[in-house]
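One file, start_7.cif, is given below (mmCIF, C-alpha atoms).
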```cif
data_entry
loop_
_atom_site.label_atom_id
_atom_site.label_comp_id
_atom_site.auth_asym_id
_atom_site.auth_seq_id
_atom_site.Cartn_x
_atom_site.Cartn_y
_atom_site.Cartn_z
CA MET G 4 -18.93 -8.51 12.13
CA GLY G 5 -19.09 -7.10 8.70
CA LYS G 6 -16.61 -6.97 5.78
CA ARG G 7 -13.01 -6.19 6.55
CA MET G 8 -9.60 -5.89 4.92
CA SER G 9 -6.19 -4.01 5.30
CA ALA G 10 -3.50 -1.13 5.62
CA SER G 11 -0.58 1.17 4.21
CA ARG G 12 2.80 0.62 2.64
CA ARG G 13 3.96 4.20 3.05
CA GLY G 14 5.43 4.39 6.55
CA ARG G 15 4.20 5.51 9.94
CA SER G 16 1.67 8.11 10.90
CA PRO G 17 2.83 11.41 12.42
CA GLY G 18 2.41 12.12 16.12
CA ARG G 19 3.82 10.31 19.11
CA THR G 20 4.84 7.24 17.13
CA GLY G 21 8.26 8.76 16.57
CA SER G 22 9.00 9.15 20.26
CA LEU G 23 7.75 5.68 21.01
CA LEU G 24 9.85 4.28 18.19
CA GLY G 25 12.89 6.08 19.56
CA ALA G 26 12.43 4.67 23.05
CA VAL G 27 11.97 1.15 21.73
CA ALA G 28 14.90 1.56 19.32
CA LEU G 29 17.18 2.53 22.23
CA THR G 30 16.14 -0.56 24.17
CA ALA G 31 16.51 -2.75 21.12
CA GLY G 32 19.93 -1.29 20.35
CA LEU G 33 21.18 -2.46 23.75
CA LEU G 34 20.15 -6.01 22.99
CA ALA G 35 22.96 -7.23 20.80
CA GLY G 36 21.90 -9.97 18.44
CA CYS G 37 18.18 -9.08 18.59
CA GLY G 38 17.99 -7.50 15.13
CA SER G 39 16.08 -9.17 12.30
CA ASP G 40 19.39 -10.61 11.08
CA ALA G 41 19.45 -12.60 14.31
CA GLY G 42 15.91 -13.81 13.60
CA LEU G 43 13.74 -11.63 15.86
CA LYS G 44 10.21 -12.00 14.59
CA ILE G 45 7.08 -10.26 15.86
CA ASN G 46 4.15 -12.55 15.16
CA VAL G 47 0.83 -10.98 14.24
CA TYR G 48 -2.22 -13.25 14.26
CA TYR G 49 -4.92 -11.71 12.15
CA ALA G 50 -7.87 -12.60 9.93
CA PRO G 51 -7.47 -12.98 6.14
CA GLU G 52 -7.23 -9.52 4.59
CA ASP G 53 -6.36 -8.93 0.96
CA ASN G 54 -3.72 -6.24 1.39
CA PHE G 55 -2.60 -6.81 4.95
CA GLN G 56 0.74 -8.27 3.90
CA SER G 57 1.66 -4.89 2.40
CA VAL G 58 1.05 -3.28 5.76
CA VAL G 59 3.06 -5.94 7.55
CA ASP G 60 5.96 -5.42 5.14
CA ASP G 61 5.77 -1.68 5.71
CA CYS G 62 5.97 -2.13 9.47
CA THR G 63 8.95 -4.44 9.08
CA LYS G 64 10.64 -1.69 7.08
CA ALA G 65 9.73 0.90 9.71
CA SER G 66 11.61 -1.10 12.34
CA GLY G 67 14.91 -0.23 10.66
CA GLY G 68 16.05 -3.84 10.60
CA ARG G 69 15.41 -4.52 14.28
CA TYR G 70 12.82 -7.20 13.61
CA GLU G 71 10.59 -8.80 10.99
CA VAL G 72 6.82 -8.62 11.32
CA VAL G 73 5.24 -11.95 10.41
CA TYR G 74 1.60 -12.21 9.32
CA ASN G 75 0.08 -15.43 10.62
CA LYS G 76 -3.19 -15.69 8.74
CA LEU G 77 -6.08 -16.99 10.85
CA PRO G 78 -9.06 -18.93 9.43
CA ARG G 79 -11.68 -16.89 7.60
CA PRO G 80 -14.65 -17.76 9.88
CA ALA G 81 -14.62 -15.67 13.08
CA ASP G 82 -15.25 -18.71 15.27
CA GLY G 83 -12.17 -20.39 13.80
CA GLN G 84 -10.04 -17.30 14.46
CA ARG G 85 -11.09 -17.14 18.08
CA GLU G 86 -10.72 -20.88 18.64
CA GLN G 87 -7.14 -20.95 17.34
CA MET G 88 -6.03 -18.04 19.52
CA VAL G 89 -7.93 -19.20 22.63
CA ARG G 90 -6.39 -22.64 22.58
CA ARG G 91 -2.85 -21.35 22.11
CA LEU G 92 -3.19 -18.62 24.72
CA ALA G 93 -4.73 -21.00 27.24
CA ALA G 94 -1.68 -23.23 26.72
CA GLY G 95 0.68 -20.32 27.43
CA ASP G 96 2.07 -20.13 23.89
CA ASP G 97 4.69 -17.35 23.94
CA SER G 98 5.00 -17.10 20.15
CA LEU G 99 1.89 -14.90 19.92
CA ASP G 100 2.70 -11.18 20.00
CA VAL G 101 -0.06 -9.09 18.37
CA LEU G 102 -3.61 -10.42 18.21
CA GLY G 103 -6.38 -9.30 15.87
CA LEU G 104 -9.58 -9.39 17.91
CA ASP G 105 -13.15 -9.01 16.77
CA VAL G 106 -14.74 -6.16 18.72
CA THR G 107 -16.76 -8.67 20.77
CA TRP G 108 -13.70 -10.53 22.10
CA VAL G 109 -11.74 -7.86 23.98
CA SER G 110 -13.57 -8.23 27.30
CA GLU G 111 -13.27 -12.02 27.19
CA PHE G 112 -9.54 -11.99 26.44
CA ALA G 113 -8.90 -9.25 29.02
CA GLU G 114 -10.82 -11.05 31.76
CA ALA G 115 -8.95 -14.27 31.02
CA GLY G 116 -5.63 -12.44 31.39
CA TRP G 117 -4.54 -13.19 27.83
CA ILE G 118 -3.93 -9.58 26.75
CA ASP G 119 -2.16 -6.69 28.47
CA GLU G 120 -3.52 -3.28 29.35
CA TRP G 121 -2.36 -0.32 27.24
CA THR G 122 -0.81 2.50 29.29
CA GLY G 123 1.44 5.53 28.92
CA GLU G 124 2.53 6.76 25.48
CA ALA G 125 1.23 3.68 23.71
CA LYS G 126 -2.25 4.29 25.14
CA ALA G 127 -2.13 7.99 24.27
CA GLU G 128 -1.28 7.25 20.65
CA ALA G 129 -3.79 4.39 20.35
CA THR G 130 -6.65 6.61 21.53
CA GLU G 131 -5.81 9.89 19.79
CA GLY G 132 -8.63 11.01 17.49
CA VAL G 133 -10.50 7.71 17.77
CA LEU G 134 -14.30 7.81 17.63
CA PRO G 135 -16.00 6.98 20.97
CA GLY G 136 -17.94 3.93 19.78
CA PRO G 137 -14.96 2.02 18.37
CA LEU G 138 -12.88 3.05 21.39
CA GLU G 139 -15.47 1.56 23.73
CA THR G 140 -15.03 -1.83 22.05
CA ALA G 141 -11.32 -1.77 22.97
CA THR G 142 -11.93 -1.21 26.69
CA TRP G 143 -12.96 -3.39 29.61
CA ASN G 144 -13.68 -2.27 33.16
CA GLY G 145 -12.52 1.23 32.30
CA LYS G 146 -9.12 0.13 31.00
CA LEU G 147 -7.78 0.03 27.45
CA TYR G 148 -6.83 -3.45 26.28
CA ALA G 149 -6.48 -2.95 22.53
CA ALA G 150 -5.90 -0.40 19.80
CA THR G 151 -8.69 0.07 17.29
CA LYS G 152 -7.77 -0.97 13.75
CA ASN G 153 -11.01 -0.57 11.82
CA THR G 154 -14.69 -0.22 12.51
CA ASN G 155 -17.89 -0.88 10.57
CA VAL G 156 -21.51 0.15 10.68
CA GLN G 157 -24.59 -0.83 8.71
CA LEU G 158 -26.57 1.60 6.57
CA LEU G 159 -29.92 1.49 4.81
CA TRP G 160 -29.39 1.00 1.05
CA TYR G 161 -32.07 1.64 -1.56
CA ASP G 162 -32.72 2.31 -5.26
CA ASP G 163 -33.94 5.86 -5.84
CA ARG G 164 -35.94 4.73 -8.87
CA LEU G 165 -38.13 2.72 -6.50
CA THR G 166 -37.86 4.98 -3.48
CA PRO G 167 -37.10 8.63 -4.30
CA THR G 168 -37.45 9.49 -0.60
CA PRO G 169 -36.13 6.82 1.76
CA PRO G 170 -37.99 5.94 4.95
CA LYS G 171 -36.88 7.51 8.21
CA THR G 172 -38.33 4.90 10.55
CA TRP G 173 -38.91 1.15 10.62
CA ASP G 174 -42.67 1.71 10.41
CA GLU G 175 -42.23 3.91 7.33
CA MET G 176 -39.97 1.30 5.75
CA ILE G 177 -42.57 -1.40 6.29
CA GLN G 178 -45.32 0.82 4.88
CA GLN G 179 -43.28 1.78 1.80
CA ALA G 180 -42.37 -1.85 1.18
CA GLN G 181 -46.00 -2.92 1.39
CA ALA G 182 -47.01 -0.14 -1.02
CA LEU G 183 -44.36 -1.25 -3.52
CA LYS G 184 -45.54 -4.83 -3.22
CA ALA G 185 -49.09 -3.76 -3.97
CA GLN G 186 -47.80 -2.16 -7.17
CA GLY G 187 -46.02 -5.34 -8.19
CA LYS G 188 -42.58 -3.80 -7.72
CA PRO G 189 -39.57 -5.14 -5.80
CA ALA G 190 -40.57 -4.68 -2.20
CA ASN G 191 -38.63 -6.90 0.18
CA VAL G 192 -36.65 -5.68 3.15
CA VAL G 193 -33.47 -7.78 3.24
CA PHE G 194 -31.16 -8.20 6.21
CA THR G 195 -29.09 -10.83 8.00
CA GLY G 196 -31.79 -13.14 9.36
CA ALA G 197 -29.85 -16.40 9.57
CA GLN G 198 -29.18 -17.98 12.96
CA TYR G 199 -25.77 -16.40 13.59
CA GLU G 200 -24.13 -13.18 14.75
CA GLY G 201 -25.74 -11.13 11.98
CA LEU G 202 -29.17 -11.62 13.53
CA VAL G 203 -27.79 -10.59 16.92
CA VAL G 204 -26.46 -7.37 15.35
CA ILE G 205 -29.91 -6.52 13.95
CA TYR G 206 -31.59 -7.21 17.28
CA ASN G 207 -29.02 -5.28 19.31
CA THR G 208 -29.48 -2.26 17.03
CA LEU G 209 -33.25 -2.40 17.56
CA VAL G 210 -32.82 -2.74 21.32
CA GLU G 211 -30.39 0.18 21.60
CA SER G 212 -32.49 2.32 19.24
CA ALA G 213 -35.56 1.65 21.40
CA GLY G 214 -33.62 2.81 24.47
CA GLY G 215 -33.35 -0.70 25.87
CA LYS G 216 -30.73 -2.98 27.38
CA ILE G 217 -30.04 -6.69 27.02
CA LEU G 218 -27.38 -6.90 29.74
CA SER G 219 -26.27 -4.57 32.51
CA ASP G 220 -23.43 -2.14 31.80
CA ASP G 221 -20.97 -4.32 33.71
CA GLY G 222 -22.05 -7.38 31.72
CA LYS G 223 -22.78 -9.39 34.87
CA SER G 224 -26.58 -9.58 34.80
CA VAL G 225 -29.48 -9.76 32.38
CA VAL G 226 -31.77 -6.75 32.00
CA MET G 227 -34.10 -7.44 29.01
CA ASP G 228 -36.13 -4.31 29.77
CA ALA G 229 -39.11 -2.76 27.98
CA GLY G 230 -36.91 -1.54 25.13
CA ALA G 231 -35.66 -5.08 24.56
CA VAL G 232 -39.26 -6.30 24.36
CA LYS G 233 -40.18 -3.51 21.93
CA ALA G 234 -37.28 -4.62 19.73
CA LEU G 235 -38.70 -8.15 19.69
CA GLU G 236 -42.05 -6.72 18.65
CA MET G 237 -40.46 -4.85 15.74
CA LEU G 238 -38.47 -7.88 14.60
CA LYS G 239 -41.70 -9.89 14.64
CA LYS G 240 -43.57 -7.12 12.81
CA VAL G 241 -41.12 -6.75 9.92
CA THR G 242 -40.86 -10.51 9.36
CA THR G 243 -44.62 -11.10 9.33
CA ALA G 244 -45.61 -8.13 7.17
CA GLY G 245 -45.25 -10.00 3.88
CA ILE G 246 -42.12 -8.06 2.86
CA THR G 247 -39.34 -10.54 3.64
CA ASP G 248 -38.15 -13.37 1.44
CA PRO G 249 -38.56 -17.03 2.48
CA SER G 250 -34.74 -17.23 2.36
CA LEU G 251 -34.46 -14.75 5.26
CA THR G 252 -33.52 -17.45 7.75
CA ASN G 253 -30.56 -18.43 5.56
CA SER G 254 -29.44 -14.90 4.73
CA LYS G 255 -25.99 -13.67 5.74
CA GLU G 256 -24.23 -10.53 4.49
CA ASP G 257 -23.44 -11.67 0.97
CA GLU G 258 -26.80 -13.35 0.39
CA VAL G 259 -28.42 -10.05 1.39
CA ARG G 260 -26.17 -8.15 -1.02
CA GLN G 261 -26.91 -10.51 -3.90
CA SER G 262 -30.65 -10.43 -3.30
CA PHE G 263 -30.72 -6.64 -3.56
CA GLN G 264 -28.45 -6.56 -6.61
CA ARG G 265 -30.68 -9.08 -8.40
CA GLY G 266 -33.57 -6.66 -7.97
CA ASN G 267 -35.45 -8.75 -5.41
CA ALA G 268 -35.64 -6.09 -2.73
CA ALA G 269 -36.44 -2.45 -2.11
CA PHE G 270 -34.41 -1.99 1.07
CA GLU G 271 -31.14 -3.51 2.22
CA LEU G 272 -29.67 -3.28 5.71
CA ASN G 273 -25.99 -4.07 5.30
CA TRP G 274 -22.36 -3.00 5.72
CA PRO G 275 -20.58 -0.53 3.34
CA PHE G 276 -18.83 -3.31 1.41
CA VAL G 277 -21.97 -3.56 -0.73
CA TYR G 278 -21.13 -0.29 -2.49
CA ALA G 279 -17.89 -1.59 -4.00
CA SER G 280 -19.64 -4.77 -5.09
CA TYR G 281 -22.45 -2.81 -6.73
CA ALA G 282 -19.95 -0.52 -8.45
CA LYS G 283 -18.14 -3.53 -9.88
CA GLU G 284 -21.12 -5.64 -10.89
CA LYS G 285 -23.76 -3.04 -11.82
CA LYS G 286 -21.68 -0.01 -12.77
CA ASP G 287 -24.27 1.35 -15.22
CA GLU G 288 -26.86 1.54 -12.45
CA LEU G 289 -24.58 2.77 -9.67
CA LYS G 290 -25.99 6.30 -9.80
CA HIS G 291 -29.29 4.91 -8.53
CA PHE G 292 -27.78 2.97 -5.62
CA LYS G 293 -28.30 5.24 -2.62
CA TRP G 294 -27.80 5.09 1.12
CA THR G 295 -28.93 6.71 4.32
CA THR G 296 -28.56 6.12 8.03
CA TYR G 297 -30.33 3.18 9.65
CA PRO G 298 -34.08 3.63 10.11
CA GLN G 299 -35.12 5.07 13.45
CA PHE G 300 -37.09 3.01 15.92
CA GLU G 301 -39.05 6.07 17.02
CA ALA G 302 -39.46 9.14 14.82
CA GLY G 303 -37.09 11.91 15.82
CA LYS G 304 -34.70 9.65 17.73
CA PRO G 305 -31.62 8.70 15.67
CA ALA G 306 -30.94 4.99 15.43
CA LYS G 307 -28.06 3.60 17.48
CA THR G 308 -26.50 1.22 14.99
CA THR G 309 -24.36 -1.67 16.18
CA ILE G 310 -20.75 -1.40 15.08
CA GLY G 311 -18.34 -4.09 13.96
CA GLY G 312 -14.63 -4.04 13.33
CA TYR G 313 -11.30 -5.33 14.64
CA ASN G 314 -8.89 -4.30 17.38
CA LEU G 315 -5.22 -5.13 17.95
CA ALA G 316 -4.10 -6.44 21.33
CA VAL G 317 -0.73 -7.46 22.79
CA SER G 318 -0.55 -11.02 24.09
CA SER G 319 0.30 -11.34 27.78
CA THR G 320 2.58 -14.27 26.89
CA SER G 321 4.65 -12.32 24.34
CA LYS G 322 8.41 -12.23 24.95
CA HIS G 323 8.75 -8.98 22.99
CA LYS G 324 6.07 -6.67 24.35
CA ALA G 325 7.78 -3.35 23.60
CA GLU G 326 8.11 -4.33 19.95
CA ALA G 327 4.59 -5.79 19.93
CA TYR G 328 3.08 -2.46 21.02
CA GLU G 329 5.15 -0.67 18.39
CA VAL G 330 3.98 -3.06 15.67
CA ALA G 331 0.33 -2.77 16.70
CA LEU G 332 0.54 1.02 16.52
CA CYS G 333 2.15 0.81 13.09
CA LEU G 334 -0.47 -1.59 11.72
CA ARG G 335 -3.33 0.72 12.78
CA SER G 336 -1.68 4.10 12.14
CA ALA G 337 -3.67 6.82 10.40
CA LYS G 338 -1.93 6.11 7.08
CA ASN G 339 -2.61 2.43 7.38
CA GLN G 340 -6.23 2.90 8.36
CA LYS G 341 -6.65 5.09 5.30
CA PHE G 342 -5.00 2.42 3.17
CA SER G 343 -7.35 -0.19 4.63
CA ALA G 344 -10.38 1.91 3.85
CA LEU G 345 -9.31 2.62 0.27
CA LYS G 346 -7.91 -0.78 -0.65
CA ASP G 347 -10.04 -3.14 1.39
CA GLY G 348 -13.24 -1.29 2.17
CA VAL G 349 -13.13 -1.16 5.97
CA PRO G 350 -14.06 2.14 7.65
CA PRO G 351 -11.38 3.77 9.83
CA THR G 352 -11.74 4.43 13.54
CA ILE G 353 -9.88 7.77 13.39
CA GLU G 354 -12.41 10.56 12.83
CA SER G 355 -10.17 12.90 10.84
CA LEU G 356 -9.83 10.38 8.01
CA TYR G 357 -13.46 10.89 7.06
CA THR G 358 -12.65 14.43 5.93
CA ASP G 359 -9.29 13.55 4.35
CA THR G 360 -9.45 14.72 0.71
CA LEU G 361 -6.02 13.58 -0.49
CA PRO G 362 -5.55 10.50 -2.66
CA LEU G 363 -3.67 7.53 -1.26
CA ASP G 364 -0.45 8.75 -2.85
CA ALA G 365 -0.61 12.48 -2.19
CA THR G 366 2.27 13.12 -4.62
CA ALA G 367 0.35 11.79 -7.62
CA PRO G 368 -2.95 12.76 -9.28
CA GLN G 369 -6.13 11.09 -8.13
CA SER G 370 -7.20 8.15 -10.30
CA ASP G 371 -8.85 4.74 -10.12
CA ASP G 372 -5.50 3.35 -9.02
CA ASN G 373 -4.86 6.23 -6.65
CA PRO G 374 -8.24 6.81 -4.97
CA SER G 375 -9.28 9.11 -2.17
CA MET G 376 -11.88 8.74 0.57
CA GLU G 377 -14.13 10.92 -1.58
CA THR G 378 -14.08 8.49 -4.51
CA LYS G 379 -14.12 5.23 -2.58
CA TYR G 380 -16.35 6.35 0.27
CA PRO G 381 -19.03 8.64 -1.11
CA MET G 382 -21.09 7.50 1.88
CA ARG G 383 -18.39 8.52 4.38
CA GLU G 384 -20.40 11.37 5.94
CA THR G 385 -23.33 9.02 6.54
CA ILE G 386 -21.01 6.43 8.07
CA LEU G 387 -19.50 9.09 10.32
CA ASP G 388 -22.94 10.27 11.42
CA ALA G 389 -23.85 6.71 12.36
CA LEU G 390 -20.56 6.12 14.17
CA LYS G 391 -20.94 9.25 16.29
CA ASP G 392 -24.04 7.79 17.94
CA ALA G 393 -23.33 4.08 17.56
CA ALA G 394 -24.17 1.08 19.72
CA VAL G 395 -21.84 -1.69 20.79
CA ARG G 396 -22.82 -5.24 21.50
CA PRO G 397 -23.13 -6.17 25.19
CA LEU G 398 -19.67 -6.08 26.77
CA THR G 399 -19.13 -9.26 28.74
CA PRO G 400 -16.46 -11.95 28.96
CA ALA G 401 -19.27 -14.42 28.26
CA TYR G 402 -20.27 -12.76 25.00
CA GLN G 403 -19.64 -15.90 22.95
CA ASN G 404 -22.16 -17.78 25.07
CA ALA G 405 -24.62 -14.89 25.07
CA SER G 406 -24.46 -14.52 21.30
CA THR G 407 -25.14 -18.22 20.80
CA VAL G 408 -28.22 -17.98 23.02
CA LEU G 409 -29.49 -14.82 21.31
CA SER G 410 -29.16 -16.14 17.77
CA LYS G 411 -30.84 -19.43 18.68
CA VAL G 412 -33.78 -17.96 20.58
CA LEU G 413 -34.39 -15.20 18.00
CA SER G 414 -34.51 -17.65 15.09
CA PRO G 415 -36.74 -17.68 13.17
CA PRO G 416 -37.79 -14.07 13.87
CA SER G 417 -41.26 -14.61 12.43
CA GLU G 418 -42.06 -16.98 15.32
CA ILE G 419 -41.13 -14.55 18.05
CA ASP G 420 -43.71 -14.13 20.82
CA PRO G 421 -42.39 -10.88 22.35
CA GLN G 422 -43.19 -11.50 26.03
CA LYS G 423 -42.48 -15.23 26.02
CA THR G 424 -39.33 -14.80 23.95
CA ALA G 425 -38.12 -12.09 26.32
CA GLU G 426 -38.60 -14.40 29.30
CA LYS G 427 -36.82 -17.23 27.51
CA LEU G 428 -33.92 -14.93 26.66
CA LYS G 429 -33.74 -13.68 30.23
CA GLU G 430 -33.52 -17.21 31.60
CA GLN G 431 -31.05 -18.58 29.07
CA LEU G 432 -28.82 -15.49 29.05
CA ALA G 433 -28.58 -15.68 32.84
CA ASP G 434 -27.30 -19.25 32.47
CA ALA G 435 -24.87 -18.14 29.76
CA LEU G 436 -23.39 -15.43 32.00
CA GLN G 437 -22.74 -18.00 34.73
CA SER G 438 -20.53 -20.06 32.44
CA LYS G 439 -17.19 -20.69 34.10
CA GLY G 440 -14.18 -19.99 31.86
CA VAL G 441 -14.51 -19.70 28.12
CA ILE G 442 -15.77 -22.05 25.46
CA PRO G 443 -12.95 -22.99 23.04
#
```

Represent the supplied structure as structure tokens.
Amino acid sequence: MGKRMSASRRGRSPGRTGSLLGAVALTAGLLAGCGSDAGLKINVYYAPEDNFQSVVDDCTKASGGRYEVVYNKLPRPADGQREQMVRRLAAGDDSLDVLGLDVTWVSEFAEAGWIDEWTGEAKAEATEGVLPGPLETATWNGKLYAATKNTNVQLLWYDDRLTPTPPKTWDEMIQQAQALKAQGKPANVVFTGAQYEGLVVIYNTLVESAGGKILSDDGKSVVMDAGAVKALEMLKKVTTAGITDPSLTNSKEDEVRQSFQRGNAAFELNWPFVYASYAKEKKDELKHFKWTTYPQFEAGKPAKTTIGGYNLAVSSTSKHKAEAYEVALCLRSAKNQKFSALKDGVPPTIESLYTDTLPLDATAPQSDDNPSMETKYPMRETILDALKDAAVRPLTPAYQNASTVLSKVLSPPSEIDPQKTAEKLKEQLADALQSKGVIP
């Protein structure tokens, strides 16, 4: 979920990559005729990302002529990305090497045997310095099945001319919105209320922030405890308080962004991509566009905000696994994660990058064309705070089915009957978890 984009043209990150490269280079050197001149291609299947080709080219260069990295661009919609990979993997297609997986797909692909476990030096490098939340999305049953490429987390965005002091809790946000409405000022709370994954993200954040569970930790059974019911109550409360727009049930990320930018709302719950859009489209008012961490469910208990992002996995059918691991590590290296953050607006998974003060090209002065995390991510400390205590969506191989059930039953949120809706979810999620195989 959330906005995403790409990586760095300036070589590999320091650390164990060098030793891994050396080991792979020795193996590759023994395979006469396997250099890029002989046509060895490492195929990367990944979502559309504006600057990703630059990263791919960089990783081709880093191979020293041993292979060419090929960017196979997947469809833009997430469902289309998954469908294309699922069908090819299920058919045993051995042309897939590195797979770009939404954070919700790792357990499904691992359980199906479509991706390999990361071990040894590759695992050590893939996990070094990675924040716990993003790392959790790359694991299944205690094993690492992917390397984190980028993460994402929603914040609360507001205009300090309307709200000099932002709300700390959902109840405060509702009260402030109602007070603004009474004054005839922009008052709506806007968020992703359409019947799709965005609504599931909102609900999961509320559940986790209320201390609840939707599924068991092993993803095999439905819990829907008291915290999950409380989350339903809050979703009902905010959508029946007179502070949401009639278009809520059609609102996805960009509709939410546009509504706030048009001055139709007081509070926006959305991903960090909105800052770059605001800076481009309302530059004169940017100084008033502020952010803070997600509102708390209960005062004094930090919200546990659901993270998004993408991970890189190695296909179990790949004929060139050593090179595939090397390429995956290159694509998500520290330099490339920084490039992705600065050029394409996707937050890194490596914690140290949030305190990196150097511009993209450290040999040149900082400028609009040579930005730093400080200039492009003024909200980086807030993002980091949220990521340190983040929530992940329920980890289960049947997540696709579970998400479909959740979004359908929760929509429209204004018609939620907390107890009855909880029972309905419990029943239908139990059926979803019993699904045999995966839905293409």

Two-atom distance - CA of Leu289 in chain G, CA of Pro374 in chain G (Å): 17.5 Å

Result set, the PyMOL selection byres ((chain G and resi 426) around 12) on current file, as a list in words: Ile217, Val225, Val226, Met227, Asp228, Ala229, Ala231, Val232, Leu235, Val412, Ile419, Asp420, Pro421, Gln422, Lys423, Thr424, Ala425, Lys427, Leu428, Lys429, Glu430, Gln431, Leu432 and Ala433 of chain G

Surrounding residues of Lys379 in chain G excluding itself and chain neighbours under 4 positions, 9 Å, all atoms listed in the file, as a ChimeraX atom specification: /G:278-279,344-346,348,374-375,383

Selection near Ile177 in chain G, 10 Å with only C-alpha atoms, sequence-local residues under 5 positions removed, as a list in words: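 The residues that qualify are Pro170, Thr172, Ala182, Leu183, Ala190, Asn191, Val192, Lys240, Val241, Thr242, Ala244, Gly245, Ile246 and Phe270 of chain G.
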
Near-Gln198 in chain G list (7 Å; only C-alpha atoms; drop same-chain fewer than 3 positions) as an MDAnalysis selection string: chainID G and resid 202 252 410:411 414

Interatomic distance, CA of Phe300 in chain G to CA of Gly201 in chain G (Å, one decimal):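 Those two atoms sit 18.6 Å apart.
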
Atom pair CA of Lys188 in chain G / CA of Phe263 in chain G: separation (Å):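 Atom-to-atom, CA of Lys188 in chain G and CA of Phe263 in chain G are spaced 12.9 Å apart.
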
Among listed residues G:Leu390, G:Leu398, G:Val259, G:Met88, nearest Leu436 in chain G (using only C-alpha atoms):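 Using only C-alpha atoms, the shortest distance to Leu436 in chain G belongs to G:Leu398.
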
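When only C-alpha atoms are used to measure the gap to Phe292 in chain G, the shortest distance among G:Thr151, G:Thr308, G:Ser336, G:Gln264 belongs to G:Gln264.
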
Mind listing whatever residues come within 6 Å of the point (11.7, -6.4, 16.4)? Use all atoms listed in the file, file coordinates, and give them as a tab-separated table (two decimals) with C-alpha atoms, in the coordinates of the input.
```tsv
chain	number	residue	atom	x	y	z
G	43	LEU	CA	13.74	-11.63	15.86
G	69	ARG	CA	15.41	-4.52	14.28
G	70	TYR	CA	12.82	-7.20	13.61
G	326	GLU	CA	8.11	-4.33	19.95
```

Residues selected by the PyMOL selection byres ((chain G and resi 272) around 7), written as a list in words: Gln157, Leu158, Leu159, Trp160, Val193, Phe194, Phe270, Glu271 and Asn273 of chain G

Those selected residues, please, written with C-alpha atoms and delivered as an mmCIF file, in the coordinates of the input.
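Listed below is the output, result-v3.cif:
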```cif
data_model
loop_
_atom_site.group_PDB
_atom_site.id
_atom_site.type_symbol
_atom_site.label_atom_id
_atom_site.label_comp_id
_atom_site.auth_asym_id
_atom_site.auth_seq_id
_atom_site.Cartn_x
_atom_site.Cartn_y
_atom_site.Cartn_z
ATOM 1 C CA GLN G 157 -24.590 -0.830 8.710
ATOM 2 C CA LEU G 158 -26.570 1.600 6.570
ATOM 3 C CA LEU G 159 -29.920 1.490 4.810
ATOM 4 C CA TRP G 160 -29.390 1.000 1.050
ATOM 5 C CA VAL G 193 -33.470 -7.780 3.240
ATOM 6 C CA PHE G 194 -31.160 -8.200 6.210
ATOM 7 C CA PHE G 270 -34.410 -1.990 1.070
ATOM 8 C CA GLU G 271 -31.140 -3.510 2.220
ATOM 9 C CA ASN G 273 -25.990 -4.070 5.300
#
```

Selection: 6 Å around range 106-119 of chain G, all atoms listed in the file, excl. self and same-chain fewer than 3 positions, as a list in words: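 Here the qualifying residues turn out to be Thr140, Trp143, Gly312, Tyr313, Val317, Ser318, Ser319, Thr399 and Pro400 of chain G.
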
Residues matched by the PyMOL selection byres ((chain G and resi 60) around 10), written as a ChimeraX atom specification: /G:11-12,14,55-59,61-65,71-74,334

Write out as a compact mmCIF listing (two decimals) with C-alpha atoms, keeping the file's coordinate frame which residues come within 10 Å of Ile310 in chain G when counting all atoms listed in the file, dropping same-chain ones fewer than 2 positions away.
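And here's selection_38.txt as it stands now:
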```
# COMPACT_ATOMS: atom_id res chain seq x y z
CA MET G 4 -18.93 -8.51 12.13
CA GLY G 5 -19.09 -7.10 8.70
CA VAL G 106 -14.74 -6.16 18.72
CA GLY G 136 -17.94 3.93 19.78
CA PRO G 137 -14.96 2.02 18.37
CA THR G 140 -15.03 -1.83 22.05
CA THR G 154 -14.69 -0.22 12.51
CA ASN G 155 -17.89 -0.88 10.57
CA VAL G 156 -21.51 0.15 10.68
CA GLN G 157 -24.59 -0.83 8.71
CA VAL G 204 -26.46 -7.37 15.35
CA THR G 208 -29.48 -2.26 17.03
CA TRP G 274 -22.36 -3.00 5.72
CA LYS G 307 -28.06 3.60 17.48
CA THR G 308 -26.50 1.22 14.99
CA GLY G 312 -14.63 -4.04 13.33
CA ALA G 389 -23.85 6.71 12.36
CA LEU G 390 -20.56 6.12 14.17
CA ALA G 393 -23.33 4.08 17.56
CA ALA G 394 -24.17 1.08 19.72
CA VAL G 395 -21.84 -1.69 20.79
CA ARG G 396 -22.82 -5.24 21.50
```

Residue with smallest distance to Val89 in chain G - pool G:Leu251, G:Tyr380, G:Glu131, G:Tyr48, counting only C-alpha atoms: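 Among G:Leu251, G:Tyr380, G:Glu131, G:Tyr48, it is G:Tyr48 that comes nearest to Val89 in chain G.
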
Give me range 64-74 of chain G from this structure - C-alpha atoms, as a compact mmCIF listing (two decimals), in the first residue's frame.
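The new file part-v2.txt reads:
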```txt
# COMPACT_ATOMS: atom_id res chain seq x y z
CA LYS G 64 27.27 -1.98 -14.09
CA ALA G 65 28.13 -3.32 -10.63
CA SER G 66 28.21 -6.86 -12.03
CA GLY G 67 31.37 -6.04 -13.98
CA GLY G 68 29.94 -7.40 -17.22
CA ARG G 69 28.88 -10.76 -15.80
CA TYR G 70 25.20 -10.20 -16.51
CA GLU G 71 22.56 -7.66 -17.47
CA VAL G 72 19.76 -6.79 -15.06
CA VAL G 73 16.46 -6.51 -16.90
CA TYR G 74 13.53 -4.54 -15.47
```
